[in-house]
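J.: Below is the file entry_39.tsv, with TSV, C-alpha atoms.
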chain	number	residue	atom	x	y	z
A	1	MET	CA	9.13	-10.07	-27.63
A	2	ASN	CA	7.51	-13.33	-28.75
A	3	ALA	CA	4.78	-15.11	-26.82
A	4	ASP	CA	7.16	-17.45	-24.99
A	5	GLU	CA	9.38	-14.59	-23.85
A	6	LEU	CA	6.39	-12.56	-22.70
A	7	ALA	CA	5.17	-15.54	-20.66
A	8	ASP	CA	8.60	-15.85	-19.04
A	9	VAL	CA	8.72	-12.11	-18.27
A	10	LEU	CA	5.23	-12.20	-16.75
A	11	ALA	CA	6.22	-15.15	-14.56
A	12	ALA	CA	9.33	-13.26	-13.43
A	13	TYR	CA	7.25	-10.16	-12.74
A	14	ASP	CA	4.82	-12.11	-10.58
A	15	ARG	CA	7.70	-13.77	-8.75
A	16	GLU	CA	9.80	-10.67	-8.11
A	17	MET	CA	7.36	-7.78	-7.94
A	18	ARG	CA	4.32	-9.45	-6.41
A	19	ARG	CA	5.01	-12.68	-4.52
A	20	GLY	CA	8.49	-11.51	-3.57
A	21	ALA	CA	7.66	-7.81	-3.25
A	22	LEU	CA	9.75	-5.53	-1.09
A	23	PRO	CA	8.25	-2.63	0.91
A	24	ASP	CA	8.05	0.59	-1.07
A	25	THR	CA	9.55	2.50	1.88
A	26	ALA	CA	11.76	1.49	4.77
A	27	ASP	CA	8.98	1.99	7.34
A	28	ALA	CA	6.40	-0.13	5.50
A	29	ARG	CA	5.99	-3.90	5.95
A	30	VAL	CA	5.33	-6.55	3.31
A	31	GLU	CA	4.26	-9.99	4.46
A	32	ARG	CA	2.77	-13.15	3.04
A	33	VAL	CA	-0.22	-14.18	5.11
A	34	GLY	CA	-1.90	-17.35	3.93
A	35	ALA	CA	-2.82	-16.86	0.30
A	36	VAL	CA	-2.02	-13.14	-0.06
A	37	VAL	CA	0.96	-10.82	-0.06
A	38	ARG	CA	0.10	-7.45	1.41
A	39	GLN	CA	1.80	-4.20	2.33
A	40	THR	CA	1.03	-2.29	5.49
A	41	ALA	CA	2.05	1.38	5.61
A	42	GLY	CA	4.51	2.58	8.23
A	43	GLY	CA	3.85	4.39	11.47
A	44	THR	CA	2.55	7.64	9.96
A	45	GLY	CA	-0.18	5.79	8.10
A	46	ALA	CA	0.33	8.04	5.07
A	47	GLY	CA	1.81	5.32	2.85
A	48	TRP	CA	0.29	2.65	0.63
A	49	ASN	CA	-1.83	-0.14	2.10
A	50	GLY	CA	-2.93	-2.99	-0.09
A	51	VAL	CA	-2.77	-6.48	-1.55
A	52	LEU	CA	-0.05	-7.11	-4.12
A	53	TRP	CA	-0.64	-10.79	-4.94
A	54	SER	CA	-3.09	-13.55	-4.15
A	55	ASP	CA	-3.51	-17.26	-4.80
A	56	LEU	CA	-7.25	-17.81	-4.46
A	57	ASP	CA	-10.02	-19.98	-5.87
A	58	GLU	CA	-13.80	-20.05	-5.76
A	59	ARG	CA	-13.79	-21.70	-2.32
A	60	THR	CA	-11.31	-19.39	-0.59
A	61	ALA	CA	-11.70	-15.98	-2.23
A	62	ASP	CA	-14.58	-14.49	-0.24
A	63	ALA	CA	-13.15	-15.45	3.15
A	64	GLU	CA	-9.71	-14.10	2.22
A	65	ILE	CA	-11.13	-10.81	0.99
A	66	ALA	CA	-13.09	-10.45	4.24
A	67	ALA	CA	-9.96	-11.25	6.26
A	68	GLN	CA	-7.97	-8.50	4.52
A	69	VAL	CA	-10.75	-5.94	4.97
A	70	ALA	CA	-10.92	-6.82	8.67
A	71	TYR	CA	-7.15	-6.56	9.01
A	72	PHE	CA	-6.82	-3.13	7.44
A	73	ALA	CA	-9.96	-1.82	9.12
A	74	GLY	CA	-8.60	-2.98	12.46
A	75	ARG	CA	-5.46	-0.95	11.85
A	76	GLY	CA	-7.46	2.15	11.04
A	77	ALA	CA	-6.19	2.23	7.47
A	78	GLY	CA	-7.83	4.74	5.19
A	79	GLU	CA	-7.71	3.80	1.52
A	80	VAL	CA	-6.75	0.19	0.75
A	81	GLU	CA	-5.92	-1.02	-2.76
A	82	TRP	CA	-6.21	-4.56	-4.06
A	83	LYS	CA	-4.15	-4.71	-7.26
A	84	LEU	CA	-6.05	-7.13	-9.48
A	85	TYR	CA	-4.28	-8.46	-12.55
A	86	GLY	CA	-6.04	-9.93	-15.56
A	87	HIS	CA	-4.55	-13.39	-15.01
A	88	ASP	CA	-5.44	-13.57	-11.30
A	89	ARG	CA	-7.86	-16.23	-10.13
A	90	PRO	CA	-10.66	-16.92	-9.65
A	91	ALA	CA	-11.93	-15.37	-12.88
A	92	ASP	CA	-14.68	-13.51	-10.99
A	93	LEU	CA	-12.36	-12.04	-8.35
A	94	GLY	CA	-13.28	-8.52	-9.44
A	95	ASP	CA	-16.97	-9.21	-8.85
A	96	ARG	CA	-16.17	-10.62	-5.41
A	97	LEU	CA	-14.13	-7.53	-4.53
A	98	ARG	CA	-16.99	-5.26	-5.57
A	99	ALA	CA	-19.39	-7.29	-3.43
A	100	ALA	CA	-17.05	-6.71	-0.47
A	101	GLY	CA	-17.11	-2.94	-0.94
A	102	PHE	CA	-14.12	-2.39	-3.22
A	103	VAL	CA	-14.59	0.12	-6.04
A	104	PRO	CA	-12.66	-0.41	-9.30
A	105	GLU	CA	-10.72	2.43	-10.87
A	106	PRO	CA	-10.04	2.45	-14.63
A	107	ALA	CA	-8.08	-0.56	-15.84
A	108	GLU	CA	-4.48	-0.04	-16.96
A	109	THR	CA	-2.27	-2.02	-19.31
A	110	LEU	CA	0.72	-3.80	-17.76
A	111	MET	CA	3.58	-3.11	-20.19
A	112	VAL	CA	7.27	-3.97	-20.18
A	113	GLY	CA	10.25	-2.86	-22.24
A	114	ARG	CA	13.89	-3.94	-22.47
A	115	VAL	CA	16.16	-1.44	-20.79
A	116	ASP	CA	19.02	-1.85	-23.27
A	117	ALA	CA	16.83	-0.90	-26.24
A	118	LEU	CA	15.10	1.98	-24.45
A	119	ALA	CA	18.37	3.41	-23.18
A	120	ALA	CA	19.62	3.55	-26.77
A	121	LEU	CA	16.72	5.69	-28.02
A	122	PRO	CA	17.99	8.76	-29.88
A	123	VAL	CA	16.25	11.50	-27.92
A	124	GLU	CA	16.99	15.18	-27.60
A	125	PRO	CA	15.03	17.57	-25.36
A	126	PRO	CA	12.38	19.56	-27.27
A	127	GLY	CA	13.21	23.21	-27.75
A	128	GLY	CA	13.06	25.19	-24.53
A	129	ILE	CA	12.91	22.11	-22.29
A	130	THR	CA	15.48	21.22	-19.65
A	131	LEU	CA	15.44	18.41	-17.10
A	132	ARG	CA	15.66	19.03	-13.36
A	133	VAL	CA	16.63	16.04	-11.24
A	134	VAL	CA	14.55	15.90	-8.06
A	135	THR	CA	16.66	15.68	-4.90
A	136	ASP	CA	14.72	17.71	-2.32
A	137	GLU	CA	11.31	18.84	-1.13
A	138	ALA	CA	11.24	21.77	-3.56
A	139	GLY	CA	11.63	19.36	-6.45
A	140	VAL	CA	8.90	17.09	-5.07
A	141	ASP	CA	6.57	20.08	-4.85
A	142	LEU	CA	7.23	20.83	-8.52
A	143	MET	CA	6.28	17.23	-9.35
A	144	MET	CA	3.09	17.47	-7.32
A	145	ASP	CA	2.17	20.72	-9.06
A	146	VAL	CA	2.51	19.05	-12.46
A	147	HIS	CA	0.59	15.93	-11.43
A	148	ALA	CA	-2.30	17.94	-9.97
A	149	LYS	CA	-2.66	19.89	-13.21
A	150	ALA	CA	-2.07	16.92	-15.54
A	151	PHE	CA	-4.21	14.35	-13.72
A	152	GLY	CA	-6.74	16.63	-12.06
A	153	ARG	CA	-6.25	15.57	-8.44
A	154	GLU	CA	-3.92	15.96	-5.52
A	155	ARG	CA	-1.88	12.90	-4.46
A	156	PRO	CA	-0.64	13.42	-0.88
A	157	ALA	CA	0.32	9.73	-0.56
A	158	ILE	CA	2.69	10.09	-3.52
A	159	ARG	CA	4.25	13.19	-1.99
A	160	HIS	CA	4.80	11.26	1.25
A	161	LEU	CA	6.34	8.36	-0.69
A	162	LEU	CA	8.76	10.58	-2.60
A	163	LEU	CA	9.90	12.51	0.45
A	164	THR	CA	10.37	9.29	2.41
A	165	LEU	CA	12.44	7.68	-0.34
A	166	LEU	CA	14.59	10.77	-0.83
A	167	ARG	CA	15.28	10.90	2.90
A	168	GLU	CA	15.77	7.21	3.67
A	169	GLU	CA	16.47	5.30	0.42
A	170	PRO	CA	17.50	7.78	-2.29
A	171	GLN	CA	19.23	5.03	-4.28
A	172	THR	CA	15.83	3.46	-5.01
A	173	LEU	CA	14.35	6.55	-6.67
A	174	ALA	CA	15.04	8.54	-9.82
A	175	ALA	CA	12.67	11.50	-10.18
A	176	VAL	CA	12.79	14.26	-12.76
A	177	VAL	CA	10.84	17.35	-13.81
A	178	ALA	CA	10.79	18.78	-17.34
A	179	MET	CA	11.04	22.56	-17.11
A	180	ALA	CA	10.10	25.21	-19.66
A	181	GLY	CA	12.10	28.05	-18.19
A	182	ASP	CA	10.86	28.32	-14.61
A	183	THR	CA	7.63	26.42	-15.33
A	184	PRO	CA	7.31	22.69	-14.60
A	185	VAL	CA	5.48	21.05	-17.51
A	186	SER	CA	6.02	17.31	-17.01
A	187	ALA	CA	7.26	15.03	-14.24
A	188	ALA	CA	8.02	11.36	-13.74
A	189	ARG	CA	9.79	8.95	-11.45
A	190	MET	CA	11.34	5.48	-11.48
A	191	GLU	CA	11.34	3.14	-8.49
A	192	MET	CA	14.11	0.54	-8.24
A	193	ARG	CA	14.05	-2.14	-5.57
A	194	PRO	CA	17.34	-3.88	-4.70
A	195	GLY	CA	18.06	-7.06	-6.65
A	196	SER	CA	15.07	-6.80	-8.98
A	197	SER	CA	15.13	-7.27	-12.75
A	198	PHE	CA	12.38	-4.65	-13.03
A	199	ALA	CA	12.16	-0.92	-12.41
A	200	GLY	CA	8.76	0.74	-12.33
A	201	LEU	CA	8.00	3.91	-14.29
A	202	TRP	CA	5.39	6.14	-12.68
A	203	GLY	CA	3.92	9.55	-13.33
A	204	GLY	CA	4.77	10.91	-16.74
A	205	GLY	CA	2.03	13.52	-16.50
A	206	THR	CA	2.42	16.40	-18.93
A	207	LEU	CA	0.46	19.65	-18.99
A	208	PRO	CA	-2.07	19.58	-21.86
A	209	GLN	CA	-0.52	22.44	-23.81
A	210	TRP	CA	2.86	20.66	-23.80
A	211	ARG	CA	1.70	17.26	-25.01
A	212	GLY	CA	2.70	15.87	-28.38
A	213	ARG	CA	6.19	17.41	-28.32
A	214	GLY	CA	8.23	14.38	-27.28
A	215	ILE	CA	8.58	15.17	-23.57
A	216	TYR	CA	7.08	11.86	-22.43
A	217	ARG	CA	9.50	9.99	-24.71
A	218	LEU	CA	12.38	12.05	-23.31
A	219	LEU	CA	11.50	11.13	-19.73
A	220	VAL	CA	11.27	7.42	-20.60
A	221	ALA	CA	14.70	7.46	-22.25
A	222	HIS	CA	16.21	9.45	-19.37
A	223	ARG	CA	15.07	6.89	-16.82
A	224	ALA	CA	16.06	3.96	-19.05
A	225	ARG	CA	19.65	5.20	-19.11
A	226	ILE	CA	19.71	5.31	-15.32
A	227	ALA	CA	18.29	1.78	-15.18
A	228	ALA	CA	20.89	0.55	-17.67
A	229	ALA	CA	23.69	1.91	-15.50
A	230	ARG	CA	22.21	-0.09	-12.59
A	231	GLY	CA	22.08	-3.35	-14.57
A	232	ILE	CA	18.27	-3.49	-14.56
A	233	ARG	CA	16.79	-5.54	-17.43
A	234	TYR	CA	13.21	-4.33	-17.77
A	235	LEU	CA	11.10	-1.21	-17.33
A	236	GLN	CA	7.50	-1.80	-16.25
A	237	VAL	CA	4.56	0.58	-16.62
A	238	ASP	CA	0.91	0.47	-15.57
A	239	ALA	CA	-0.11	2.35	-18.70
A	240	SER	CA	-3.14	4.57	-19.12
A	241	PRO	CA	-4.97	4.66	-22.48
A	242	ASP	CA	-3.13	7.92	-23.25
A	243	SER	CA	0.36	6.54	-22.63
A	244	ARG	CA	-0.13	3.05	-24.05
A	245	PRO	CA	0.26	3.98	-27.77
A	246	ILE	CA	3.35	6.05	-27.01
A	247	LEU	CA	4.93	3.17	-25.10
A	248	GLN	CA	4.08	0.74	-27.91
A	249	ARG	CA	5.88	2.97	-30.39
A	250	LEU	CA	8.90	3.02	-28.09
A	251	GLY	CA	9.01	-0.79	-28.05
A	252	PHE	CA	7.08	-1.74	-24.92
A	253	ALA	CA	5.07	-4.97	-25.04
A	254	THR	CA	1.83	-5.82	-23.27
A	255	LEU	CA	1.87	-8.38	-20.46
A	256	GLY	CA	-1.77	-8.01	-19.41
A	257	THR	CA	-4.01	-5.66	-17.49
A	258	THR	CA	-4.15	-4.40	-13.92
A	259	THR	CA	-7.07	-2.75	-12.16
A	260	PRO	CA	-6.88	-0.94	-8.82
A	261	TYR	CA	-9.76	-1.95	-6.55
A	262	ILE	CA	-10.14	0.57	-3.73
A	263	TRP	CA	-11.73	0.03	-0.33
A	264	THR	CA	-12.36	2.93	2.04
A	265	PRO	CA	-13.83	2.64	5.54
A	266	LYS	CA	-17.35	3.87	6.02
A	267	PRO	CA	-17.61	7.12	8.00
Kindly present the structure from the file in structure tokens form.
T.:
Amino acid sequence: MNADELADVLAAYDREMRRGALPDTADARVERVGAVVRQTAGGTGAGWNGVLWSDLDERTADAEIAAQVAYFAGRGAGEVEWKLYGHDRPADLGDRLRAAGFVPEPAETLMVGRVDALAALPVEPPGGITLRVVTDEAGVDLMMDVHAKAFGRERPAIRHLLLTLLREEPQTLAAVVAMAGDTPVSAARMEMRPGSSFAGLWGGGTLPQWRGRGIYRLLVAHRARIAAARGIRYLQVDASPDSRPILQRLGFATLGTTTPYIWTPKP
């Protein structure tokens, strides 16, 4: 993609996936309040709470940050994420979030690839690997087992998200586990919101001893073919330093950076 096309894709991403975001589950709520778009988790409180988009400047940023902290604290939310993108304003928004008690996690690279090209990748499963499509709780538990071992931490909120989507909106989720016999060795998912040009690729964790064998590439191509059948134009990834070079080789382009800023209530 050339610079003009990348600028157009970034504008479409901001418009569809941030300003015009849809809830990630049926029981969550997304709303634009003043200069921010935020999601509030559903009744169980186990889902994702956070800010997806903001339109701030030096005069308004601190008050808006304080307003969002007060809102989520008043609801008894646990972890709250403010997704900060490299092109967000003001330029010192990250510093202002830290001053308000948000803690940054490692930055990721916002990458995008054309579905038609990715779906055409010539990929065969590595020897001994089969794909298991996730359709039930047992499959979700296999995914969580892989992610805990690959990323080094449990993710109960992700488990809740997957089970909720499988139960209430299965058409918005494509999840898969790479199996070596009876052993899960890699897992990934794709989230597809109705009417969007973009589908998000998430997960992709692979056990250390199985890395470098083409499994990650296989899971990208598998999900791209599903997206192509749905008429989706682009795949989007918040890429870690490990996955970024693989995605570049597959044809993904960089749109910018995104950093999760996390706020947790004081005990």
J.: Restricting the calculation to only C-alpha atoms: of A:Gly256, A:Ile65, A:Asp55, A:Arg211, which residue gets closest to A:Gly94?
T.: A:Ile65
J.: Using all atoms listed in the file for the distances, tell me which of A:Glu64, A:Ala150, A:Ala12, A:Gly214 is nearest to A:Glu124.
T.: A:Gly214
J.: Point out the residue among A:Gly203, A:Gly231, A:Pro265, A:Gly101 with the least atom-to-atom distance to A:Ala188, counting only C-alpha atoms.
T.: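 Selected residue with least distance to A:Ala188: A:Gly203.
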J.: Of the candidates A:Leu93, A:Leu219, A:Leu255, A:Met192, which shows the shortest atom-to-atom distance to A:Asp238, using all atoms listed in the file?
T.: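 So, comparing all the options, the nearest one is A:Leu255.
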J.: Would you mind listing what lies within 12 Å of A:Asn2 as number ranges by chain, with all atoms listed in the file counted and same-chain residues fewer than 6 positions away left out?
T.: A: 8-9, 253-255
J.: Give the answer as one residue: which of A:Thr60, A:Thr135, A:Gln68, A:Thr172 has the shortest atom-to-atom distance to A:Gln39, using only C-alpha atoms?
T.: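 Answer, going by the shortest atom-to-atom distance: A:Gln68.
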